[in-house]
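Note: the block below is upload.cif and it holds mmCIF, C-alpha atoms.
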```cif
data_input
#
loop_
_atom_site.label_atom_id
_atom_site.label_comp_id
_atom_site.auth_asym_id
_atom_site.auth_seq_id
_atom_site.Cartn_x
_atom_site.Cartn_y
_atom_site.Cartn_z
CA PHE A 88 3.77 2.92 -10.93
CA ILE A 89 5.92 -0.23 -11.09
CA LEU A 90 3.81 -1.88 -13.78
CA HIS A 91 4.00 1.25 -15.92
CA TRP A 92 7.61 2.37 -15.55
CA LEU A 93 9.17 -1.10 -15.60
CA GLU A 94 7.33 -2.31 -18.69
CA ASP A 95 9.68 -3.15 -21.56
CA PRO A 96 8.64 -0.23 -23.81
CA LEU A 97 9.63 2.44 -21.28
CA TRP A 98 12.50 0.47 -19.74
CA ASN A 99 14.12 -0.06 -23.13
CA ALA A 100 13.71 3.62 -23.99
CA TRP A 101 16.34 4.53 -21.39
CA SER A 102 19.07 2.98 -23.55
CA GLU A 103 18.17 5.42 -26.35
CA LEU A 104 18.25 8.50 -24.12
CA PRO A 105 21.99 9.36 -24.33
CA SER A 106 22.03 9.58 -28.14
CA TYR A 107 18.81 11.61 -28.08
CA VAL A 108 20.28 14.14 -25.65
CA GLU A 109 23.55 14.39 -27.60
CA SER A 110 21.82 14.92 -30.94
CA THR A 111 21.63 18.44 -32.37
CA ASP A 112 18.94 17.45 -34.86
CA ASP A 113 15.48 18.64 -33.74
CA ARG A 114 13.97 15.96 -35.99
CA ASN A 115 15.63 13.15 -34.04
CA SER A 116 13.07 10.57 -32.90
CA PRO A 117 12.37 10.40 -29.14
CA PRO A 118 13.86 7.48 -27.14
CA PHE A 119 10.51 5.66 -26.93
CA ASP A 120 10.09 5.74 -30.72
CA CYS A 121 13.62 4.44 -31.33
CA ALA A 122 13.25 1.61 -28.83
CA ASN A 123 9.81 0.48 -29.98
CA GLY A 124 9.53 1.43 -33.65
CA MET A 125 6.48 3.60 -32.98
CA SER A 126 5.43 6.61 -30.93
CA ALA A 127 4.08 6.33 -27.40
CA SER A 128 0.63 7.39 -28.63
CA GLU A 129 0.60 4.64 -31.26
CA TYR A 130 1.86 2.02 -28.82
CA TYR A 131 -0.73 2.73 -26.14
CA LEU A 132 -3.54 2.76 -28.70
CA GLN A 133 -2.54 -0.77 -29.69
CA ASN A 134 -1.86 -2.12 -26.18
CA ALA A 135 -4.86 -1.75 -23.91
CA GLU A 136 -3.27 -3.25 -20.79
CA SER A 137 -0.24 -0.97 -21.00
CA CYS A 138 -2.54 1.98 -21.62
CA SER A 139 -4.49 1.06 -18.49
CA HIS A 140 -1.28 1.09 -16.39
CA ARG A 141 -0.31 4.49 -17.81
CA ASN A 142 -3.76 5.97 -17.19
CA SER A 143 -3.81 4.67 -13.62
CA VAL A 144 -0.52 6.44 -12.92
CA ALA A 145 -1.84 9.65 -14.49
CA ARG A 146 -5.06 9.58 -12.45
CA TYR A 147 -3.20 8.91 -9.20
CA ALA A 148 -0.70 11.70 -9.87
CA SER A 149 -3.43 14.13 -10.93
CA THR A 150 -5.37 13.60 -7.69
CA LYS A 151 -2.26 14.39 -5.63
CA GLU A 152 -1.48 17.39 -7.82
CA ILE A 153 -4.93 18.93 -7.51
CA SER A 154 -4.83 19.01 -3.72
CA SER A 155 -1.30 20.48 -3.83
CA ILE A 156 -2.36 23.12 -6.36
CA ILE A 157 -5.36 24.26 -4.35
CA GLU A 158 -3.35 24.45 -1.15
CA ALA A 159 -0.71 26.62 -2.88
CA MET A 160 -3.44 28.86 -4.28
CA LYS A 161 -4.98 29.39 -0.85
CA GLN A 162 -1.63 30.51 0.54
CA SER A 163 -0.99 32.98 -2.29
CA THR A 164 -2.26 36.53 -2.71
CA SER A 165 -2.94 36.31 -6.44
CA LEU A 166 -5.03 33.11 -6.48
CA ASN A 167 -6.64 32.88 -3.05
CA GLU A 168 -10.36 33.10 -2.29
CA SER A 169 -10.34 36.89 -2.16
CA ALA A 170 -8.66 37.14 -5.58
CA LEU A 171 -10.93 34.58 -7.26
CA SER A 172 -14.28 35.50 -5.72
CA ASP A 173 -16.95 35.85 -8.43
CA LYS A 174 -14.37 35.24 -11.16
CA VAL A 175 -15.32 33.12 -14.18
CA ILE A 176 -12.90 30.21 -14.56
CA VAL A 177 -12.01 28.08 -17.61
CA ASP A 178 -9.82 24.98 -17.34
CA VAL A 179 -8.37 24.41 -20.81
CA GLY A 180 -7.63 20.74 -21.46
CA GLY A 181 -9.43 19.93 -18.23
CA GLY A 182 -10.60 16.46 -19.23
CA TYR A 183 -13.55 15.39 -17.09
CA GLY A 184 -13.53 18.55 -14.98
CA ASP A 185 -11.79 17.13 -11.91
CA PHE A 186 -9.75 20.25 -11.22
CA VAL A 187 -12.50 22.85 -11.54
CA THR A 188 -14.85 20.64 -9.51
CA ALA A 189 -12.32 20.44 -6.67
CA LEU A 190 -11.58 24.16 -6.98
CA LYS A 191 -15.27 25.09 -6.75
CA GLU A 192 -15.74 22.84 -3.73
CA SER A 193 -12.72 24.41 -2.03
CA ILE A 194 -13.57 28.02 -2.92
CA PRO A 195 -17.38 28.20 -3.26
CA THR A 196 -17.35 31.96 -3.93
CA ILE A 197 -15.78 31.43 -7.35
CA GLY A 198 -18.11 32.25 -10.22
CA GLN A 199 -19.08 29.95 -13.09
CA CYS A 200 -16.53 27.23 -13.89
CA TYR A 201 -16.00 25.73 -17.34
CA CYS A 202 -14.01 22.69 -18.39
CA LEU A 203 -12.92 22.92 -22.03
CA ASP A 204 -11.43 20.04 -23.98
CA LEU A 205 -11.53 18.49 -27.44
CA PRO A 206 -14.95 17.27 -28.63
CA ASP A 207 -14.19 13.55 -28.23
CA VAL A 208 -12.98 14.06 -24.65
CA ILE A 209 -16.03 16.09 -23.71
CA ALA A 210 -18.37 13.57 -25.34
CA ASP A 211 -16.83 10.82 -23.22
CA ALA A 212 -16.93 13.02 -20.11
CA LYS A 213 -20.64 13.70 -20.52
CA GLU A 214 -21.30 9.97 -20.50
CA THR A 215 -19.16 9.44 -17.42
CA VAL A 216 -19.69 12.33 -14.99
CA PRO A 217 -22.57 14.65 -14.04
CA VAL A 218 -22.41 17.92 -15.95
CA GLY A 219 -23.48 21.42 -15.11
CA ASN A 220 -25.31 23.99 -17.15
CA LYS A 221 -25.30 27.76 -17.40
CA ASP A 222 -27.88 28.07 -14.61
CA ASP A 223 -26.04 25.79 -12.18
CA ASP A 224 -23.08 27.55 -10.59
CA ASN A 225 -22.19 24.56 -8.42
CA LYS A 226 -21.02 22.31 -11.24
CA PRO A 227 -18.55 22.88 -14.07
CA THR A 228 -19.97 23.27 -17.54
CA LEU A 229 -18.26 20.94 -20.01
CA VAL A 230 -17.39 22.71 -23.27
CA ALA A 231 -16.15 21.14 -26.50
CA GLY A 232 -13.57 23.38 -28.10
CA ASN A 233 -9.99 24.00 -29.16
CA MET A 234 -7.50 26.18 -27.31
CA PHE A 235 -6.26 27.62 -30.60
CA ASP A 236 -9.76 28.89 -31.47
CA PRO A 237 -10.73 31.71 -29.08
CA THR A 238 -14.35 31.60 -30.28
CA THR A 239 -14.71 28.22 -28.53
CA ILE A 240 -13.36 29.47 -25.18
CA PRO A 241 -16.03 31.03 -22.92
CA PRO A 242 -15.29 34.66 -21.99
CA CYS A 243 -13.64 34.49 -18.58
CA ASP A 244 -11.40 36.07 -15.96
CA VAL A 245 -8.91 33.29 -15.30
CA ILE A 246 -7.73 30.43 -17.52
CA PHE A 247 -6.08 27.40 -15.95
CA THR A 248 -4.31 24.72 -17.99
CA LYS A 249 -2.52 21.69 -16.54
CA HIS A 250 0.07 19.56 -18.37
CA VAL A 251 -1.10 20.76 -21.77
CA LEU A 252 1.30 23.42 -23.02
CA CYS A 253 4.31 21.26 -22.13
CA ASP A 254 3.34 19.06 -25.09
CA PHE A 255 3.62 21.87 -27.63
CA ALA A 256 6.43 23.74 -29.38
CA ASN A 257 7.10 27.38 -28.48
CA GLU A 258 5.33 28.80 -31.52
CA ASP A 259 2.18 26.81 -30.69
CA VAL A 260 2.31 27.94 -27.06
CA VAL A 261 2.36 31.56 -28.23
CA ARG A 262 -0.63 30.81 -30.49
CA ALA A 263 -2.51 29.35 -27.54
CA LEU A 264 -1.66 32.30 -25.29
CA LEU A 265 -2.86 34.74 -27.96
CA SER A 266 -6.12 32.78 -28.11
CA PHE A 267 -6.39 32.92 -24.31
CA ARG A 268 -5.83 36.68 -24.41
CA LYS A 269 -8.86 37.10 -26.67
CA ALA A 270 -11.00 35.03 -24.29
CA LEU A 271 -9.85 37.31 -21.45
CA ALA A 272 -10.53 40.50 -23.44
CA ASP A 273 -13.46 41.64 -21.29
CA SER A 274 -11.74 40.94 -17.98
CA LYS A 275 -10.13 43.81 -16.06
CA GLU A 276 -7.63 41.51 -14.34
CA GLY A 277 -7.31 38.55 -16.68
CA LYS A 278 -4.84 35.83 -15.78
CA VAL A 279 -3.52 32.57 -17.19
CA VAL A 280 -2.28 29.96 -14.73
CA ILE A 281 -0.01 27.35 -16.32
CA MET A 282 0.11 24.24 -14.16
CA ASP A 283 3.35 22.55 -15.24
CA ALA A 284 6.61 21.88 -13.44
CA ALA A 285 8.73 25.03 -13.70
CA LEU A 286 12.39 24.28 -14.30
CA PRO A 287 15.08 26.43 -12.71
CA ASN A 288 16.99 28.73 -15.02
CA GLY A 289 20.20 27.07 -16.18
CA ASP A 290 22.54 29.11 -14.00
CA ASP A 291 20.43 28.38 -10.91
CA LEU A 292 21.13 24.64 -11.05
CA ASN A 293 24.88 24.93 -10.50
CA GLY A 294 25.33 21.17 -10.82
CA LYS A 295 22.72 20.36 -8.18
CA TRP A 296 20.06 17.65 -8.49
CA ASN A 297 16.58 19.03 -9.09
CA ALA A 298 13.33 17.04 -8.88
CA ALA A 299 11.62 19.00 -11.66
CA VAL A 300 14.55 18.37 -14.01
CA SER A 301 14.36 14.63 -13.27
CA PHE A 302 10.64 14.73 -14.08
CA ASP A 303 11.47 16.51 -17.33
CA VAL A 304 13.78 13.63 -18.28
CA LEU A 305 10.92 11.16 -17.78
CA LEU A 306 8.79 13.19 -20.19
CA MET A 307 11.66 13.17 -22.67
CA LEU A 308 11.58 9.38 -22.82
CA SER A 309 8.19 9.29 -24.49
CA GLY A 310 8.75 12.30 -26.71
CA ARG A 311 6.74 14.97 -24.91
CA ARG A 312 8.44 18.32 -25.38
CA GLY A 313 8.88 18.74 -21.65
CA GLU A 314 8.75 21.52 -19.10
CA ARG A 315 10.07 25.09 -19.33
CA SER A 316 12.07 27.36 -17.08
CA ARG A 317 10.85 30.59 -15.52
CA LEU A 318 12.87 32.56 -18.05
CA GLU A 319 11.36 30.60 -20.95
CA TRP A 320 7.82 31.23 -19.67
CA SER A 321 8.59 34.92 -19.23
CA ASN A 322 9.81 35.22 -22.82
CA LEU A 323 6.84 33.33 -24.28
CA ALA A 324 4.39 35.38 -22.19
CA LYS A 325 5.78 38.65 -23.56
CA LYS A 326 5.26 37.49 -27.13
CA ALA A 327 1.54 37.06 -26.44
CA GLY A 328 0.98 40.25 -24.46
CA PHE A 329 1.34 38.80 -20.96
CA VAL A 330 3.84 39.24 -18.15
CA LEU A 331 5.03 36.50 -15.82
CA GLU A 332 3.62 37.72 -12.52
CA ASP A 333 4.84 34.88 -10.31
CA VAL A 334 5.71 31.20 -10.13
CA LEU A 335 4.12 29.49 -7.14
CA ALA A 336 5.66 26.28 -5.88
CA THR A 337 3.43 23.41 -4.76
CA SER A 338 4.15 20.37 -2.62
CA ALA A 339 4.07 18.20 -5.78
CA VAL A 340 7.33 18.04 -7.75
CA THR A 341 5.39 17.54 -10.99
CA VAL A 342 3.54 20.85 -10.95
CA ASP A 343 4.07 24.55 -10.19
CA LEU A 344 1.86 27.51 -11.00
CA ALA A 345 3.18 30.02 -13.51
CA VAL A 346 0.85 33.00 -13.19
CA LEU A 347 0.60 35.25 -16.25
CA SER A 348 -1.23 38.56 -16.14
CA LEU A 349 -2.29 40.81 -19.00
CA GLU A 350 0.37 43.31 -19.99
CA SER A 351 -0.58 46.91 -19.33
CA PRO A 352 -1.45 48.90 -22.48
#
```
Here is a file; write its structure as structure tokens.
Amino acid sequence: FILHWLEDPLWNAWSELPSYVESTDDRNSPPFDCANGMSASEYYLQNAESCSHRNSVARYASTKEISSIIEAMKQSTSLNESALSDKVIVDVGGGYGDFVTALKESIPTIGQCYCLDLPDVIADAKETVPVGNKDDDNKPTLVAGNMFDPTTIPPCDVIFTKHVLCDFANEDVVRALLSFRKALADSKEGKVVIMDAALPNGDDLNGKWNAAVSFDVLLMLSGRRGERSRLEWSNLAKKAGFVLEDVLATSAVTVDLAVLSLESP
């Protein structure tokens, strides 16, 4: 964490944050870009050691998040073992399949699990981790696809997606949710579980410090679009034919579970 957050590129980005927040121009470059003359993606592609520090932080945080997510699911009524038994699961943007692997190990009665990501990610994953197949219910099946193309998403009952939609503008999130809805078309109780930090609605803050808001500021440094409030998720869900059923808190400040269910006809 220290090597990543105290490196000059991120440290210097803080000085650009005030002007970024004050700007009313949506085209204003993120603090990281202004401080370094390039985007975070470009910088980390060119600096392998810095990229290694960033990836180490992400892997460490993800491991902690997964255990927190599963514990919150077990304590809920909408995502516990009874609710998910025999359900087909797809983790969109699931990388190497860490989440669905942990989920299957924790709740063995879940049906087939798929991990969907972009072709280059899946190609790398297949060289790195053991993969499942359609006849092996104990391992996730790795699927190359695109969340905006519903024909690449396996038909399923529940779609999970962690720290993916926070990187996209509202109109793209609606496009993704519409794609998810098509993949859930044959499910009687289809759900989408968005695993991002849920911000409080503006009036709920009342000047108080909030851990999720602080996390959102960190994302702002490098230009990621950031997290959304419960009200924002509710509004986006409606545009794609979903309703916000619940927002489940976890013990990790970086992730909550926004549960969307299919809107009744």
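What separates CA of Leu323 in chain A from CA of Asp236 in chain A is a distance of 18.6 Å.
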Residues selected by the PyMOL selection byres ((chain A and resi 199) around 7), written as a PyMOL selection string: chain A and resi 175-176+197-198+200-201+224
Surrounding residues of range 339-346 of chain A excluding itself and chain neighbours under 3 positions, 8 Å, all atoms listed in the file, as a PyMOL selection string: chain A and resi 151-152+155-156+278-285+298-299+302+317+320+331-336
Chain and number of each residue from the PyMOL selection byres ((chain A and resi 258) around 12), as number ranges by chain: A: 235, 252, 254-257, 259-265, 322-324, 326-327
For the residues in the current selection, export C-alpha atoms as a PDB file, in the coordinates of the input.
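Output contents, as saved in selection18.pdb:
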```
ATOM      1  CA  PHE A 235      -6.260  27.620 -30.600  1.00  0.00           C
ATOM      2  CA  LEU A 252       1.300  23.420 -23.020  1.00  0.00           C
ATOM      3  CA  ASP A 254       3.340  19.060 -25.090  1.00  0.00           C
ATOM      4  CA  PHE A 255       3.620  21.870 -27.630  1.00  0.00           C
ATOM      5  CA  ALA A 256       6.430  23.740 -29.380  1.00  0.00           C
ATOM      6  CA  ASN A 257       7.100  27.380 -28.480  1.00  0.00           C
ATOM      7  CA  ASP A 259       2.180  26.810 -30.690  1.00  0.00           C
ATOM      8  CA  VAL A 260       2.310  27.940 -27.060  1.00  0.00           C
ATOM      9  CA  VAL A 261       2.360  31.560 -28.230  1.00  0.00           C
ATOM     10  CA  ARG A 262      -0.630  30.810 -30.490  1.00  0.00           C
ATOM     11  CA  ALA A 263      -2.510  29.350 -27.540  1.00  0.00           C
ATOM     12  CA  LEU A 264      -1.660  32.300 -25.290  1.00  0.00           C
ATOM     13  CA  LEU A 265      -2.860  34.740 -27.960  1.00  0.00           C
ATOM     14  CA  ASN A 322       9.810  35.220 -22.820  1.00  0.00           C
ATOM     15  CA  LEU A 323       6.840  33.330 -24.280  1.00  0.00           C
ATOM     16  CA  ALA A 324       4.390  35.380 -22.190  1.00  0.00           C
ATOM     17  CA  LYS A 326       5.260  37.490 -27.130  1.00  0.00           C
ATOM     18  CA  ALA A 327       1.540  37.060 -26.440  1.00  0.00           C
TER      19      ALA A 327
END
```
Option closest in space to Asp120 in chain A, from A:Leu90, A:Val330, A:Met307, A:Leu271 [counting all atoms listed in the file]: A:Met307
Straight-line distance linking CA of Thr248 in chain A with CA of Ser351 in chain A, stated in Å to one decimal: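 According to the coordinates, CA of Thr248 in chain A and CA of Ser351 in chain A are separated by 22.5 Å.
Coordinates place CA of Cys121 in chain A at a distance of 19.0 Å from CA of Cys138 in chain A.
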Proximity to Asn134 in chain A - best of A:Asp112, A:Glu168, A:Glu94, A:Asp178, all atoms listed in the file: A:Glu94
For Ile157 in chain A, the nearest of the candidates A:Lys191, A:Lys174, A:His91, A:Arg315, counting all atoms listed in the file: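 Counting all atoms listed in the file, the residue closest to Ile157 in chain A is A:Lys191.
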Output of the PyMOL selection byres ((chain A and resi 140) around 12), listed as a count of residues only: 21
Pick from A:Thr238, A:Lys226, A:Asn167, A:Leu286, whichever lies nearest to Val304 in chain A using only C-alpha atoms: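 Ranked by minimum distance to Val304 in chain A, first place goes to A:Leu286.
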Nearest to Ser102 in chain A, chosen from A:Met160, A:Ile240, A:Leu308, A:Ile153, with all atoms listed in the file counted in the distances: A:Leu308
